[in-house]
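Engineer: See data.txt below, with compact mmCIF, C-alpha atoms and all ligand atoms.
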```txt
# COMPACT_ATOMS: atom_id res chain seq x y z
CA MET A 13 0.00 0.00 0.00
CA LEU A 14 0.97 3.56 -0.67
CA GLU A 15 2.61 4.99 2.47
CA VAL A 16 1.89 8.50 3.57
CA LYS A 17 3.48 9.94 6.65
CA GLY A 18 1.20 11.03 9.43
CA ILE A 19 1.10 14.64 10.45
CA GLN A 20 2.62 15.91 13.67
CA ASN A 21 0.15 18.68 14.32
CA GLY A 22 -3.16 19.29 12.59
CA ILE A 23 -6.34 17.48 11.70
CA VAL A 24 -7.24 14.32 9.87
CA ILE A 25 -10.63 14.19 8.19
CA ASP A 26 -11.39 10.49 7.97
CA HIS A 27 -14.14 8.19 6.72
CA ILE A 28 -15.00 10.40 3.76
CA LYS A 29 -17.02 8.45 1.22
CA ALA A 30 -14.74 7.67 -1.74
CA GLY A 31 -15.14 10.40 -4.33
CA ASN A 32 -16.16 13.12 -1.88
CA GLY A 33 -12.61 13.91 -0.79
CA LEU A 34 -11.79 15.94 -3.86
CA LYS A 35 -15.11 17.77 -3.68
CA ILE A 36 -14.51 18.71 -0.05
CA PHE A 37 -11.03 19.83 -0.91
CA ASN A 38 -12.21 21.96 -3.83
CA LYS A 39 -15.21 23.44 -2.12
CA LEU A 40 -14.00 24.06 1.37
CA LEU A 41 -10.26 23.91 1.66
CA SER A 42 -8.45 25.09 -1.41
CA GLU A 43 -9.18 28.77 -0.81
CA HIS A 44 -8.77 29.03 2.92
CA ILE A 45 -5.80 26.91 3.76
CA ASP A 46 -2.15 27.62 3.01
CA THR A 47 -0.50 24.95 5.16
CA PRO A 48 0.44 21.51 3.76
CA VAL A 49 -2.53 19.32 2.82
CA VAL A 50 -2.60 15.66 1.83
CA LEU A 51 -5.58 14.18 0.02
CA LEU A 52 -5.77 10.40 -0.05
CA MET A 53 -8.27 8.78 -2.33
CA ASN A 54 -9.71 5.26 -2.56
CA VAL A 55 -8.06 3.97 0.59
CA ASP A 56 -9.31 0.54 1.76
CA SER A 57 -11.81 0.84 4.60
CA LYS A 58 -13.54 -1.81 6.67
CA ALA A 59 -16.66 0.25 7.10
CA LEU A 60 -16.94 1.90 3.70
CA GLY A 61 -15.08 -0.39 1.31
CA LYS A 62 -13.18 2.58 -0.09
CA LYS A 63 -12.75 5.93 1.54
CA ASP A 64 -10.97 9.24 1.16
CA ILE A 65 -8.87 10.94 3.82
CA ILE A 66 -7.69 14.54 4.09
CA LYS A 67 -4.81 15.56 6.35
CA ILE A 68 -4.16 19.21 7.05
CA ALA A 69 -1.07 20.37 8.93
CA ASP A 70 -1.17 23.08 11.60
CA VAL A 71 -4.92 23.66 11.43
CA PHE A 72 -7.13 22.70 14.37
CA ASP A 73 -10.38 24.39 13.60
CA ILE A 74 -12.85 23.09 11.05
CA ASP A 75 -16.57 23.60 10.62
CA LEU A 76 -18.11 20.26 11.54
CA ASP A 77 -21.53 21.44 10.34
CA ILE A 78 -20.33 21.81 6.80
CA LEU A 79 -18.70 18.40 6.87
CA GLY A 80 -21.81 16.84 8.37
CA LEU A 81 -23.90 18.34 5.63
CA ILE A 82 -21.69 16.68 3.04
CA ASP A 83 -21.35 13.29 4.66
CA HIS A 84 -22.37 12.46 8.21
CA ASN A 85 -20.01 9.45 8.48
CA ILE A 86 -17.02 11.77 8.52
CA THR A 87 -14.83 11.80 11.61
CA VAL A 88 -12.25 14.42 12.48
CA ASN A 89 -9.12 13.60 14.48
CA ILE A 90 -7.12 16.34 16.12
CA VAL A 91 -3.40 15.53 16.19
CA ARG A 92 -0.88 17.19 18.49
CA ASP A 93 2.72 16.02 18.76
CA SER A 94 1.85 13.01 16.55
CA LYS A 95 -0.85 11.86 18.95
CA ILE A 96 -4.61 11.92 18.44
CA THR A 97 -5.81 14.18 21.22
CA ASP A 98 -9.43 14.48 20.20
CA LYS A 99 -11.88 12.62 17.97
CA ARG A 100 -14.97 14.36 16.71
CA LYS A 101 -17.87 13.27 14.59
CA ALA A 102 -19.38 15.47 11.93
CA ASN A 103 -23.00 16.30 12.74
CA ILE A 104 -25.93 16.93 10.49
CA PRO A 105 -26.65 20.50 11.48
CA GLU A 106 -30.14 21.34 12.80
CA GLU A 107 -29.85 24.84 11.41
CA VAL A 108 -27.93 26.13 8.43
CA THR A 109 -27.38 29.74 7.44
CA GLY A 110 -25.94 30.85 4.14
CA LEU A 111 -24.26 27.59 3.08
CA PHE A 112 -26.55 26.86 0.15
CA ASN A 113 -29.44 28.42 -1.74
CA CYS A 114 -33.17 27.76 -1.60
CA ILE A 115 -34.43 25.81 -4.62
CA ASN A 116 -37.56 27.95 -4.89
CA PRO A 117 -37.00 30.54 -7.64
CA ARG A 118 -39.76 32.71 -6.16
CA CYS A 119 -38.07 32.77 -2.75
CA ILE A 120 -36.97 36.21 -1.49
CA THR A 121 -33.53 34.75 -0.62
CA ASN A 122 -32.84 34.32 -4.33
CA SER A 123 -33.50 37.96 -5.18
CA ASP A 124 -32.59 40.13 -2.21
CA ALA A 125 -29.04 40.56 -0.95
CA TYR A 126 -30.32 41.19 2.61
CA ALA A 127 -32.09 37.84 2.78
CA VAL A 128 -29.47 35.25 3.73
CA PRO A 129 -30.93 31.78 3.15
CA LYS A 130 -31.65 30.12 6.48
CA PHE A 131 -32.87 26.57 6.90
CA LYS A 132 -33.99 24.11 9.53
CA LEU A 133 -33.45 20.38 9.22
CA TYR A 134 -36.74 18.90 8.02
CA GLU A 135 -36.15 15.21 7.44
CA MET A 136 -33.36 12.76 6.62
CA ASN A 137 -34.48 11.18 3.40
CA GLY A 138 -31.28 9.63 2.13
CA SER A 139 -29.77 13.09 2.13
CA ALA A 140 -30.62 15.89 4.51
CA GLU A 141 -33.75 17.87 3.62
CA TYR A 142 -33.91 21.45 4.81
CA ILE A 143 -36.95 23.70 5.08
CA CYS A 144 -36.48 27.36 4.17
CA SER A 145 -37.32 29.75 6.99
CA TYR A 146 -38.60 32.31 4.48
CA CYS A 147 -40.70 30.40 1.95
CA GLU A 148 -40.98 26.94 3.62
CA GLU A 149 -39.90 25.15 0.45
CA ILE A 150 -37.79 22.04 1.03
CA THR A 151 -34.26 21.90 -0.36
CA LYS A 152 -32.15 18.76 -0.49
CA TYR A 153 -28.50 19.49 0.13
CA ARG A 154 -26.16 18.11 -2.49
CA LEU A 155 -22.41 18.61 -2.57
CA MET B 11 -42.83 48.13 26.01
CA SER B 12 -44.01 44.69 25.05
CA GLN B 13 -42.48 42.90 22.10
CA VAL B 14 -43.91 43.91 18.75
CA ARG B 15 -46.10 41.27 17.08
CA HIS B 16 -46.44 40.49 13.37
CA LEU B 17 -48.78 38.35 11.30
CA ILE B 18 -46.79 36.55 8.64
CA GLU B 19 -48.58 33.19 8.75
CA PRO B 20 -51.61 31.92 10.71
CA GLU B 21 -49.28 29.89 12.95
CA ASP B 22 -47.96 33.16 14.41
CA PHE B 23 -51.11 33.23 16.57
CA THR B 24 -52.34 30.66 19.04
CA LEU B 25 -55.79 29.13 18.64
CA GLU B 26 -57.03 31.33 21.49
CA GLU B 27 -55.72 34.42 19.75
CA LEU B 28 -57.34 33.43 16.44
CA MET B 29 -60.62 32.73 18.21
CA GLN B 30 -60.43 36.07 19.98
CA LEU B 31 -59.73 37.91 16.71
CA VAL B 32 -62.77 36.29 15.13
CA ASP B 33 -64.98 37.17 18.10
CA THR B 34 -63.66 40.73 18.26
CA GLY B 35 -64.29 41.05 14.51
CA LEU B 36 -67.88 39.89 15.05
CA SER B 37 -68.36 42.44 17.86
CA ILE B 38 -67.09 45.18 15.57
CA TYR B 39 -69.45 43.95 12.84
CA GLU B 40 -72.39 44.17 15.22
CA ASN B 41 -71.47 47.52 16.67
CA PRO B 42 -69.09 49.36 14.34
CA SER B 43 -69.75 52.86 15.68
CA GLN B 44 -68.06 52.01 18.97
CA TYR B 45 -64.77 51.55 17.15
CA ARG B 46 -64.91 54.65 14.96
CA LYS B 47 -62.07 56.47 16.68
CA VAL B 48 -59.85 53.80 18.23
CA CYS B 49 -57.10 54.38 15.63
CA ASP B 50 -57.30 58.15 15.76
CA GLY B 51 -53.83 59.54 15.04
CA LYS B 52 -52.46 56.22 13.73
CA ILE B 53 -51.08 55.65 10.25
CA MET B 54 -51.07 52.38 8.35
CA ALA B 55 -48.58 52.00 5.50
CA SER B 56 -50.03 49.81 2.78
CA LEU B 57 -47.19 48.66 0.57
CA PHE B 58 -48.40 46.71 -2.44
CA PHE B 59 -45.34 45.62 -4.42
CA GLU B 60 -47.74 43.81 -6.71
CA PRO B 61 -51.28 44.93 -7.36
CA SER B 62 -54.15 43.35 -5.46
CA THR B 63 -57.00 45.80 -5.49
CA ARG B 64 -59.35 43.71 -3.40
CA THR B 65 -56.95 43.08 -0.52
CA LYS B 66 -55.71 46.67 -0.51
CA LEU B 67 -59.21 48.12 -0.44
CA SER B 68 -60.21 45.80 2.37
CA PHE B 69 -57.23 46.84 4.53
CA ASP B 70 -57.59 50.53 3.71
CA SER B 71 -61.28 50.42 4.53
CA ALA B 72 -60.57 48.63 7.82
CA MET B 73 -58.07 51.27 8.92
CA MET B 74 -60.31 54.16 7.87
CA ARG B 75 -63.32 52.70 9.68
CA LEU B 76 -61.18 52.69 12.82
CA GLY B 77 -60.42 56.40 12.38
CA GLY B 78 -56.85 55.87 11.23
CA GLN B 79 -55.11 57.07 8.12
CA VAL B 80 -53.46 55.26 5.25
CA LEU B 81 -50.48 55.93 3.05
CA GLY B 82 -48.67 53.74 0.56
CA PHE B 83 -48.67 52.53 -3.02
CA SER B 84 -50.60 49.94 -4.96
CA ASP B 85 -48.10 48.95 -7.60
CA ALA B 86 -44.31 48.55 -7.41
CA SER B 87 -43.84 50.38 -10.71
CA THR B 88 -44.92 53.61 -9.02
CA SER B 89 -42.71 53.06 -5.97
CA SER B 90 -39.04 53.51 -5.25
CA THR B 91 -38.58 49.74 -5.73
CA ALA B 92 -38.87 50.40 -9.46
CA LYS B 93 -35.73 52.51 -9.11
CA GLY B 94 -33.95 49.55 -7.55
CA GLU B 95 -34.35 50.25 -3.83
CA SER B 96 -34.01 47.16 -1.66
CA LEU B 97 -36.91 45.95 0.44
CA ALA B 98 -34.84 46.51 3.59
CA ASP B 99 -34.33 50.20 2.78
CA THR B 100 -38.01 50.73 1.92
CA ILE B 101 -39.07 49.16 5.21
CA LYS B 102 -36.55 51.14 7.28
CA VAL B 103 -37.88 54.39 5.83
CA VAL B 104 -41.57 53.52 6.04
CA ASN B 105 -41.03 52.31 9.60
CA ASP B 106 -40.57 55.97 10.62
CA TYR B 107 -43.57 57.20 8.62
CA SER B 108 -46.22 54.90 10.07
CA ASP B 109 -47.41 52.78 12.99
CA LEU B 110 -48.18 49.56 11.12
CA ILE B 111 -47.20 48.03 7.79
CA VAL B 112 -49.33 45.90 5.50
CA MET B 113 -47.43 44.49 2.58
CA ARG B 114 -48.09 42.37 -0.46
CA HIS B 115 -45.04 41.13 -2.35
CA PRO B 116 -44.49 38.74 -5.27
CA LYS B 117 -41.49 37.08 -3.58
CA GLU B 118 -42.15 34.34 -1.04
CA GLY B 119 -40.79 35.17 2.39
CA ALA B 120 -40.54 38.94 1.70
CA PRO B 121 -42.79 39.93 4.64
CA LYS B 122 -40.69 37.78 6.94
CA LEU B 123 -37.59 39.62 5.72
CA ALA B 124 -39.38 42.92 6.39
CA THR B 125 -39.85 41.99 10.06
CA HIS B 126 -36.05 42.01 10.45
CA PHE B 127 -35.98 45.73 9.61
CA ALA B 128 -39.23 46.95 11.20
CA THR B 129 -39.83 47.99 14.79
CA ILE B 130 -43.57 48.28 14.11
CA PRO B 131 -46.01 45.43 13.33
CA VAL B 132 -45.93 43.91 9.84
CA ILE B 133 -48.93 42.15 8.31
CA ASN B 134 -48.47 39.80 5.38
CA GLY B 135 -51.07 40.70 2.75
CA GLY B 136 -49.92 37.83 0.54
CA ASP B 137 -46.44 36.72 -0.57
CA GLY B 138 -46.37 34.94 -3.91
CA GLY B 139 -47.90 31.49 -3.66
CA HIS B 140 -46.83 31.16 -0.04
CA GLN B 141 -49.13 32.65 2.64
CA HIS B 142 -52.12 34.93 2.86
CA PRO B 143 -53.08 34.84 6.53
CA THR B 144 -55.75 37.56 6.47
CA GLN B 145 -57.68 35.52 3.90
CA THR B 146 -57.67 32.70 6.44
CA LEU B 147 -58.95 35.10 9.11
CA THR B 148 -61.66 36.22 6.69
CA ASP B 149 -62.68 32.62 6.09
CA LEU B 150 -62.75 31.90 9.82
CA ILE B 151 -64.92 34.88 10.78
CA THR B 152 -67.38 33.99 8.01
CA ILE B 153 -67.63 30.39 9.17
CA LYS B 154 -68.10 31.48 12.77
CA ARG B 155 -70.79 33.98 11.83
CA PHE B 156 -72.82 31.51 9.81
CA LYS B 157 -72.15 28.26 11.64
CA GLY B 158 -71.54 29.53 15.16
CA ARG B 159 -68.45 27.35 15.51
CA LEU B 160 -65.07 26.55 13.98
CA ASP B 161 -64.85 22.86 14.75
CA ASN B 162 -66.81 19.68 14.25
CA MET B 163 -67.77 20.32 10.64
CA LYS B 164 -67.77 18.40 7.40
CA ILE B 165 -65.83 20.59 5.03
CA GLY B 166 -65.35 20.24 1.29
CA PHE B 167 -62.74 22.01 -0.80
CA CYS B 168 -63.38 22.10 -4.52
CA GLY B 169 -61.31 23.06 -7.55
CA ASP B 170 -57.60 23.82 -7.64
CA LEU B 171 -56.26 22.31 -4.43
CA LYS B 172 -52.70 22.11 -5.70
CA PHE B 173 -51.84 25.76 -6.18
CA GLY B 174 -54.57 27.33 -4.09
CA ARG B 175 -52.69 28.76 -1.12
CA THR B 176 -55.89 29.95 0.55
CA VAL B 177 -57.00 26.32 0.66
CA HIS B 178 -53.71 25.10 2.15
CA SER B 179 -53.73 27.71 4.84
CA LEU B 180 -57.40 27.21 5.74
CA ILE B 181 -57.14 23.41 5.90
CA ARG B 182 -54.12 23.66 8.18
CA THR B 183 -55.87 26.13 10.45
CA LEU B 184 -59.18 24.22 10.56
CA ALA B 185 -57.21 21.09 11.40
CA ARG B 186 -55.65 23.00 14.31
CA PHE B 187 -59.18 23.77 15.48
CA GLY B 188 -59.81 20.02 15.63
CA ASN B 189 -61.62 19.33 12.36
CA LYS B 190 -60.60 15.81 11.48
CA GLU B 191 -62.25 15.14 8.14
CA PHE B 192 -61.96 16.98 4.85
CA TYR B 193 -63.46 16.24 1.45
CA LEU B 194 -61.09 17.16 -1.35
CA ILE B 195 -62.85 17.56 -4.66
CA SER B 196 -60.50 18.15 -7.56
CA PRO B 197 -59.21 16.76 -10.85
CA ASP B 198 -56.24 14.41 -10.70
CA GLU B 199 -53.98 17.19 -11.93
CA LEU B 200 -54.85 19.56 -9.12
CA THR B 201 -54.93 17.50 -5.93
CA LEU B 202 -53.54 18.70 -2.61
CA PRO B 203 -49.70 18.59 -2.54
CA VAL B 204 -48.31 15.36 -1.12
CA SER B 205 -46.23 17.11 1.53
CA LEU B 206 -49.30 18.83 2.98
CA LYS B 207 -51.29 15.59 2.86
CA ARG B 208 -48.48 13.86 4.74
CA GLN B 209 -48.41 16.62 7.34
CA LEU B 210 -52.18 16.47 7.90
CA GLU B 211 -52.40 12.71 8.03
CA LYS B 212 -49.63 12.71 10.63
CA GLN B 213 -51.99 14.80 12.78
CA GLY B 214 -54.72 12.20 12.42
CA VAL B 215 -56.71 14.09 9.78
CA LYS B 216 -58.76 12.02 7.35
CA LEU B 217 -58.69 13.20 3.75
CA ILE B 218 -61.36 11.93 1.40
CA GLU B 219 -60.42 12.60 -2.22
CA VAL B 220 -63.15 12.55 -4.84
CA ARG B 221 -63.50 13.72 -8.44
CA TYR B 222 -67.10 14.89 -8.47
CA LEU B 223 -68.83 17.30 -6.17
CA GLU B 224 -72.16 15.53 -6.64
CA ASP B 225 -70.77 12.45 -4.86
CA VAL B 226 -70.31 14.20 -1.53
CA VAL B 227 -72.28 17.43 -1.60
CA GLU B 228 -75.09 16.21 0.67
CA GLU B 229 -72.58 15.48 3.45
CA LEU B 230 -71.15 18.97 3.65
CA ASP B 231 -71.59 21.75 6.21
CA MET B 232 -69.30 24.02 4.28
CA LEU B 233 -68.12 24.10 0.67
CA TYR B 234 -65.06 26.12 -0.25
CA MET B 235 -64.80 26.83 -3.98
CA THR B 236 -61.63 27.92 -5.76
CA ARG B 237 -60.78 29.07 -9.22
CA ILE B 238 -59.24 26.72 -11.76
CA GLN B 239 -56.74 28.71 -13.75
CA LYS B 240 -56.10 28.02 -17.39
CA GLU B 241 -52.33 28.34 -17.07
CA ARG B 242 -52.25 25.32 -14.73
CA PHE B 243 -52.99 22.98 -17.60
CA PHE B 244 -50.82 21.61 -20.35
CA ASN B 245 -53.47 21.83 -23.01
CA GLU B 246 -56.65 23.70 -23.77
CA GLU B 247 -58.68 20.49 -24.09
CA ASP B 248 -58.05 19.35 -20.50
CA TYR B 249 -58.85 22.80 -19.25
CA VAL B 250 -62.15 23.06 -21.08
CA ARG B 251 -63.16 19.55 -20.03
CA LEU B 252 -62.33 20.07 -16.35
CA LYS B 253 -63.44 23.63 -16.03
CA ASN B 254 -67.06 22.63 -16.56
CA THR B 255 -66.87 19.73 -14.12
CA TYR B 256 -65.92 22.15 -11.36
CA ILE B 257 -68.37 24.92 -12.05
CA LEU B 258 -70.89 25.19 -9.27
CA ASN B 259 -74.51 25.74 -10.27
CA ARG B 260 -77.91 25.36 -8.64
CA ASP B 261 -78.24 21.87 -10.01
CA LYS B 262 -75.19 20.59 -8.16
CA ILE B 263 -76.31 21.82 -4.76
CA ARG B 264 -79.89 20.58 -5.04
CA SER B 265 -79.27 17.72 -2.61
CA ALA B 266 -77.05 19.75 -0.26
CA LYS B 267 -77.99 20.54 3.33
CA GLU B 268 -80.14 23.57 3.97
CA ASP B 269 -77.58 25.12 6.28
CA LEU B 270 -74.61 24.52 3.99
CA ILE B 271 -72.47 27.61 3.44
CA ILE B 272 -70.61 28.22 0.21
CA LEU B 273 -67.39 30.24 0.39
CA HIS B 274 -65.02 31.52 -2.27
CA PRO B 275 -62.03 33.85 -1.77
CA LEU B 276 -63.08 35.98 -4.79
CA PRO B 277 -62.59 37.26 -7.40
CA ARG B 278 -64.52 34.57 -9.19
CA VAL B 279 -64.43 34.16 -12.92
CA ASN B 280 -66.98 31.53 -13.81
CA GLU B 281 -66.50 28.74 -11.27
CA ILE B 282 -69.73 29.68 -9.53
CA ALA B 283 -72.67 30.30 -11.85
CA ILE B 284 -74.44 33.55 -11.04
CA ASP B 285 -77.70 31.71 -10.42
CA VAL B 286 -76.13 30.47 -7.16
CA ASP B 287 -75.71 34.04 -5.88
CA THR B 288 -79.33 34.34 -4.82
CA ASP B 289 -79.31 30.98 -3.02
CA PRO B 290 -79.36 31.62 0.75
CA ARG B 291 -76.42 29.25 1.14
CA ALA B 292 -74.11 31.48 -0.93
CA ALA B 293 -71.93 33.33 1.58
CA TYR B 294 -69.09 34.57 -0.57
CA PHE B 295 -70.11 38.21 -0.77
CA GLU B 296 -70.76 38.30 2.95
CA GLN B 297 -67.32 36.70 3.29
CA SER B 298 -65.52 39.58 1.60
CA LYS B 299 -67.51 42.00 3.75
CA MET B 300 -66.48 40.13 6.92
CA GLY B 301 -62.86 40.44 5.78
CA VAL B 302 -62.95 44.15 6.63
CA TYR B 303 -64.19 43.49 10.19
CA VAL B 304 -61.64 40.84 10.99
CA ARG B 305 -58.90 43.09 9.60
CA MET B 306 -60.17 45.84 11.90
CA ALA B 307 -59.79 43.44 14.82
CA LEU B 308 -56.31 42.50 13.65
CA ILE B 309 -55.18 46.13 13.36
CA CYS B 310 -56.49 46.80 16.90
CA LYS B 311 -54.63 43.77 18.22
CA LEU B 312 -51.29 44.65 16.66
CA LEU B 313 -51.55 48.33 17.63
CA GLU B 314 -52.89 47.41 21.08
CA VAL B 315 -55.79 49.83 20.86
CA GLY B 316 -59.56 49.68 21.45
CA PRO B 317 -60.55 46.15 22.55
CA TYR B 318 -56.85 45.27 22.77
CA ALA B 319 -55.73 48.35 24.73
CA ARG B 320 -53.33 47.52 27.55
CA GLY B 321 -53.61 48.50 31.17
ZN ZN C 401 -36.91 29.77 0.33
```
Before anything else, please render the file you have as structure tokens.
Structural biologist:
Amino acid sequence: MLEVKGIQNGIVIDHIKAGNGLKIFNKLLSEHIDTPVVLLMNVDSKALGKKDIIKIADVFDIDLDILGLIDHNITVNIVRDSKITDKRKANIPEEVTGLFNCINPRCITNSDAYAVPKFKLYEMNGSAEYICSYCEEITKYRL
Amino acid sequence: MSQVRHLIEPEDFTLEELMQLVDTGLSIYENPSQYRKVCDGKIMASLFFEPSTRTKLSFDSAMMRLGGQVLGFSDASTSSTAKGESLADTIKVVNDYSDLIVMRHPKEGAPKLATHFATIPVINGGDGGHQHPTQTLTDLITIKRFKGRLDNMKIGFCGDLKFGRTVHSLIRTLARFGNKEFYLISPDELTLPVSLKRQLEKQGVKLIEVRYLEDVVEELDMLYMTRIQKERFFNEEDYVRLKNTYILNRDKIRSAKEDLIILHPLPRVNEIAIDVDTDPRAAYFEQSKMGVYVRMALICKLLEVGPYARG
């Protein structure tokens, strides 16, 4: 197997469904992070068959809500001095503000800069379904 | 000062509050002169970003009958919005010119957005296909006046149940009042949306879907008619065929109960034949009249004046 050195300090985003790693990297990380990043794809996994892993050096803070929205199996390990000091699980957020748009073209959030789209979790139907707090239309989040 | 209240959707008020609004509206209807001056010195801004003559006139009349004054516009093309002003800026300005805002807006959720920038009460006078809570209040006061109650009724909704927001809102509210059985009379193409059906059935509501009014009309205590719009159909043929099936005429209510009431949010085009107008069961013109009285009660409540004065 391909060997990749662990990081000394930083975070490891693990159990990403194979194929989502690159999307997470492109959407969430490429712009904000300037420390070394490793993206591993199609790694063997007992639970998932294949998975992706992202390792980011010298960063300890990451928005678990966003990760949970993408894939709620994701776990985040915090590494300090080469030891895992904390393990966190990504959550499906109950409330989401501004991360995606309402699907309703008639919704005020799609035509007024002051109206930041705000949603509440409605139902888990395969993927998370969110109800718009302005127009009450239901939007399925897709990465 | 107490926290300012708005009416954006019927769920903003408890059942007790809705009941009280209806009863206050009926008191005003019976004794309007007592309320002639309760809004003396108050100004209502009526902001109609899309035209709706009927709703605007009803609100304006309500405020004037309470002794208040009205300013505003009835069409966005004559307002500053046409010059590109944001809703937030319009509301912030109008907030200082008036004591209460009524707004109609083509975008869904716009009145809710307005509440973020207003320190005075905001009433939703209709936002796109979303909510129209004062129509629901109008329906409720009419039912209470003619039936003496808001629960324990057999209610039929007929026509466009898919896009008709007044129907959605009224069914939800009547279900809150404990009505457990609704007859839904519509063509296949225009049945109640699945999500709303799911919601209602979760609350233990029984929905009986039929195609023809004649099959259930004798059961009903109330019949709510809606307009079937041409643009809802893919082709002219379907429209013409269905349109006639859902036109109410004297023939179709022959076997109905004597104390049935027939409602319609108006304006009607041809879904109720004019020969029904003189039938004592036709309540739709009384309904639009009652809309003024329940709006008077609502204005009093939100401004805390007259029957809702504090202290
Ligand atoms: Zn929306």
Engineer: Hey, which residues sit close to ligand ZN 401 (chain C)? Say within 9 Å, counting all atoms listed in the file, and write them as a VMD selection string.
Structural biologist: (chain A and resid 113 to 122 129 to 131 143 to 151) or (chain B and resid 118 to 119)
Engineer: Between CA of Val91 in chain A and CA of Phe72 in chain A, what is the distance, to one decimal in Å?
Structural biologist: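 Computing the Euclidean distance for CA of Val91 in chain A and CA of Phe72 in chain A yields 8.3 Å.
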Engineer: Given a cut-off of 12 Å, which residues of chain B touch chain A, counting all atoms listed in the file, written out as an MDAnalysis selection string?
Structural biologist: chainID B and resid 18:19 91 94:99 115:127 136:141 205:206 209
Engineer: Please produce a file of those selected residues containing C-alpha atoms, as a CSV table (one decimal), in the frame of the given file.
Structural biologist:
```csv
chain,number,residue,atom,x,y,z
B,18,ILE,CA,-46.8,36.6,8.6
B,19,GLU,CA,-48.6,33.2,8.8
B,91,THR,CA,-38.6,49.7,-5.7
B,94,GLY,CA,-34.0,49.6,-7.6
B,95,GLU,CA,-34.4,50.2,-3.8
B,96,SER,CA,-34.0,47.2,-1.7
B,97,LEU,CA,-36.9,46.0,0.4
B,98,ALA,CA,-34.8,46.5,3.6
B,99,ASP,CA,-34.3,50.2,2.8
B,115,HIS,CA,-45.0,41.1,-2.4
B,116,PRO,CA,-44.5,38.7,-5.3
B,117,LYS,CA,-41.5,37.1,-3.6
B,118,GLU,CA,-42.2,34.3,-1.0
B,119,GLY,CA,-40.8,35.2,2.4
B,120,ALA,CA,-40.5,38.9,1.7
B,121,PRO,CA,-42.8,39.9,4.6
B,122,LYS,CA,-40.7,37.8,6.9
B,123,LEU,CA,-37.6,39.6,5.7
B,124,ALA,CA,-39.4,42.9,6.4
B,125,THR,CA,-39.8,42.0,10.1
B,126,HIS,CA,-36.0,42.0,10.4
B,127,PHE,CA,-36.0,45.7,9.6
B,136,GLY,CA,-49.9,37.8,0.5
B,137,ASP,CA,-46.4,36.7,-0.6
B,138,GLY,CA,-46.4,34.9,-3.9
B,139,GLY,CA,-47.9,31.5,-3.7
B,140,HIS,CA,-46.8,31.2,0.0
B,141,GLN,CA,-49.1,32.6,2.6
B,205,SER,CA,-46.2,17.1,1.5
B,206,LEU,CA,-49.3,18.8,3.0
B,209,GLN,CA,-48.4,16.6,7.3
```
Engineer: Might you pull out every residue within 12 Å of Val215 in chain B, with all atoms listed in the file counted and same-chain residues fewer than 6 positions away left off, and present them as a list of chain:residue names?
Structural biologist: B:Ile181, B:Arg182, B:Leu184, B:Ala185, B:Arg186, B:Phe187, B:Gly188, B:Asn189, B:Lys190, B:Glu191, B:Phe192, B:Tyr193, B:Leu206, B:Lys207, B:Arg208, B:Gln209
Engineer: Write out as a PyMOL selection string the residues lying within 9 Å of range 227-231 of chain B, counting only C-alpha atoms and excluding same-chain residues fewer than 3 positions away.
Structural biologist: chain B and resi 157+163-166+193+222-224+262-267+269-272
Engineer: Would you list the contacts of Val55 in chain A as a PyMOL selection string, taking every protein, DNA or RNA residue within 12 Å and counting all atoms listed in the file, but skipping same-chain residues closer than 2 positions in sequence?
Structural biologist: chain A and resi 13-16+26-31+33+51-53+57-66
Engineer: How would you write as a ChimeraX atom specification the residues that get within 7 Å of (-25.3, 21.2, 11.3) in the file's frame, counting only C-alpha atoms?
Structural biologist: /A:77-78,80-81,103-108
Engineer: Could you write those residues out with C-alpha atoms, as a PDB file, keeping the file's coordinate frame?
Structural biologist:
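Written output follows (part_28.pdb):
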```pdb
ATOM      1  CA  ASP A  77     -21.530  21.440  10.340  1.00  0.00           C
ATOM      2  CA  ILE A  78     -20.330  21.810   6.800  1.00  0.00           C
ATOM      3  CA  GLY A  80     -21.810  16.840   8.370  1.00  0.00           C
ATOM      4  CA  LEU A  81     -23.900  18.340   5.630  1.00  0.00           C
ATOM      5  CA  ASN A 103     -23.000  16.300  12.740  1.00  0.00           C
ATOM      6  CA  ILE A 104     -25.930  16.930  10.490  1.00  0.00           C
ATOM      7  CA  PRO A 105     -26.650  20.500  11.480  1.00  0.00           C
ATOM      8  CA  GLU A 106     -30.140  21.340  12.800  1.00  0.00           C
ATOM      9  CA  GLU A 107     -29.850  24.840  11.410  1.00  0.00           C
ATOM     10  CA  VAL A 108     -27.930  26.130   8.430  1.00  0.00           C
TER      11      VAL A 108
END
```
Engineer: To one decimal place in Å, what is the distance between CA of Ile195 in chain B and CA of Leu273 in chain B?
Structural biologist: 14.4 Å
Engineer: Which residue, A:Asp46, A:Asp75, A:Asp83, A:Asp56, has the smallest gap to Ser139 in chain A when you use all atoms listed in the file?
Structural biologist: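 Of A:Asp46, A:Asp75, A:Asp83, A:Asp56, the one nearest Ser139 in chain A is A:Asp83, counting all atoms listed in the file.
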Engineer: Please determine, counting only C-alpha atoms, which residue among B:Asn259, B:Arg242, B:Ala319, B:Ser62 has the shortest atom-to-atom distance to Asp289 in chain B.
Structural biologist: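 The closest residue to Asp289 in chain B is B:Asn259.
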Engineer: Can you work out the spacing between CA of Ser71 in chain B and CA of Arg305 in chain B in Å, to one decimal?
Structural biologist: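 Taking CA of Ser71 in chain B and CA of Arg305 in chain B, their separation equals 9.2 Å.
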Engineer: Of the candidates A:Ile36, A:Leu79, A:Ile96, A:Ile45, which shows the shortest atom-to-atom distance to Val24 in chain A, using all atoms listed in the file?
Structural biologist: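 Counting all atoms listed in the file, the residue closest to Val24 in chain A is A:Ile96.
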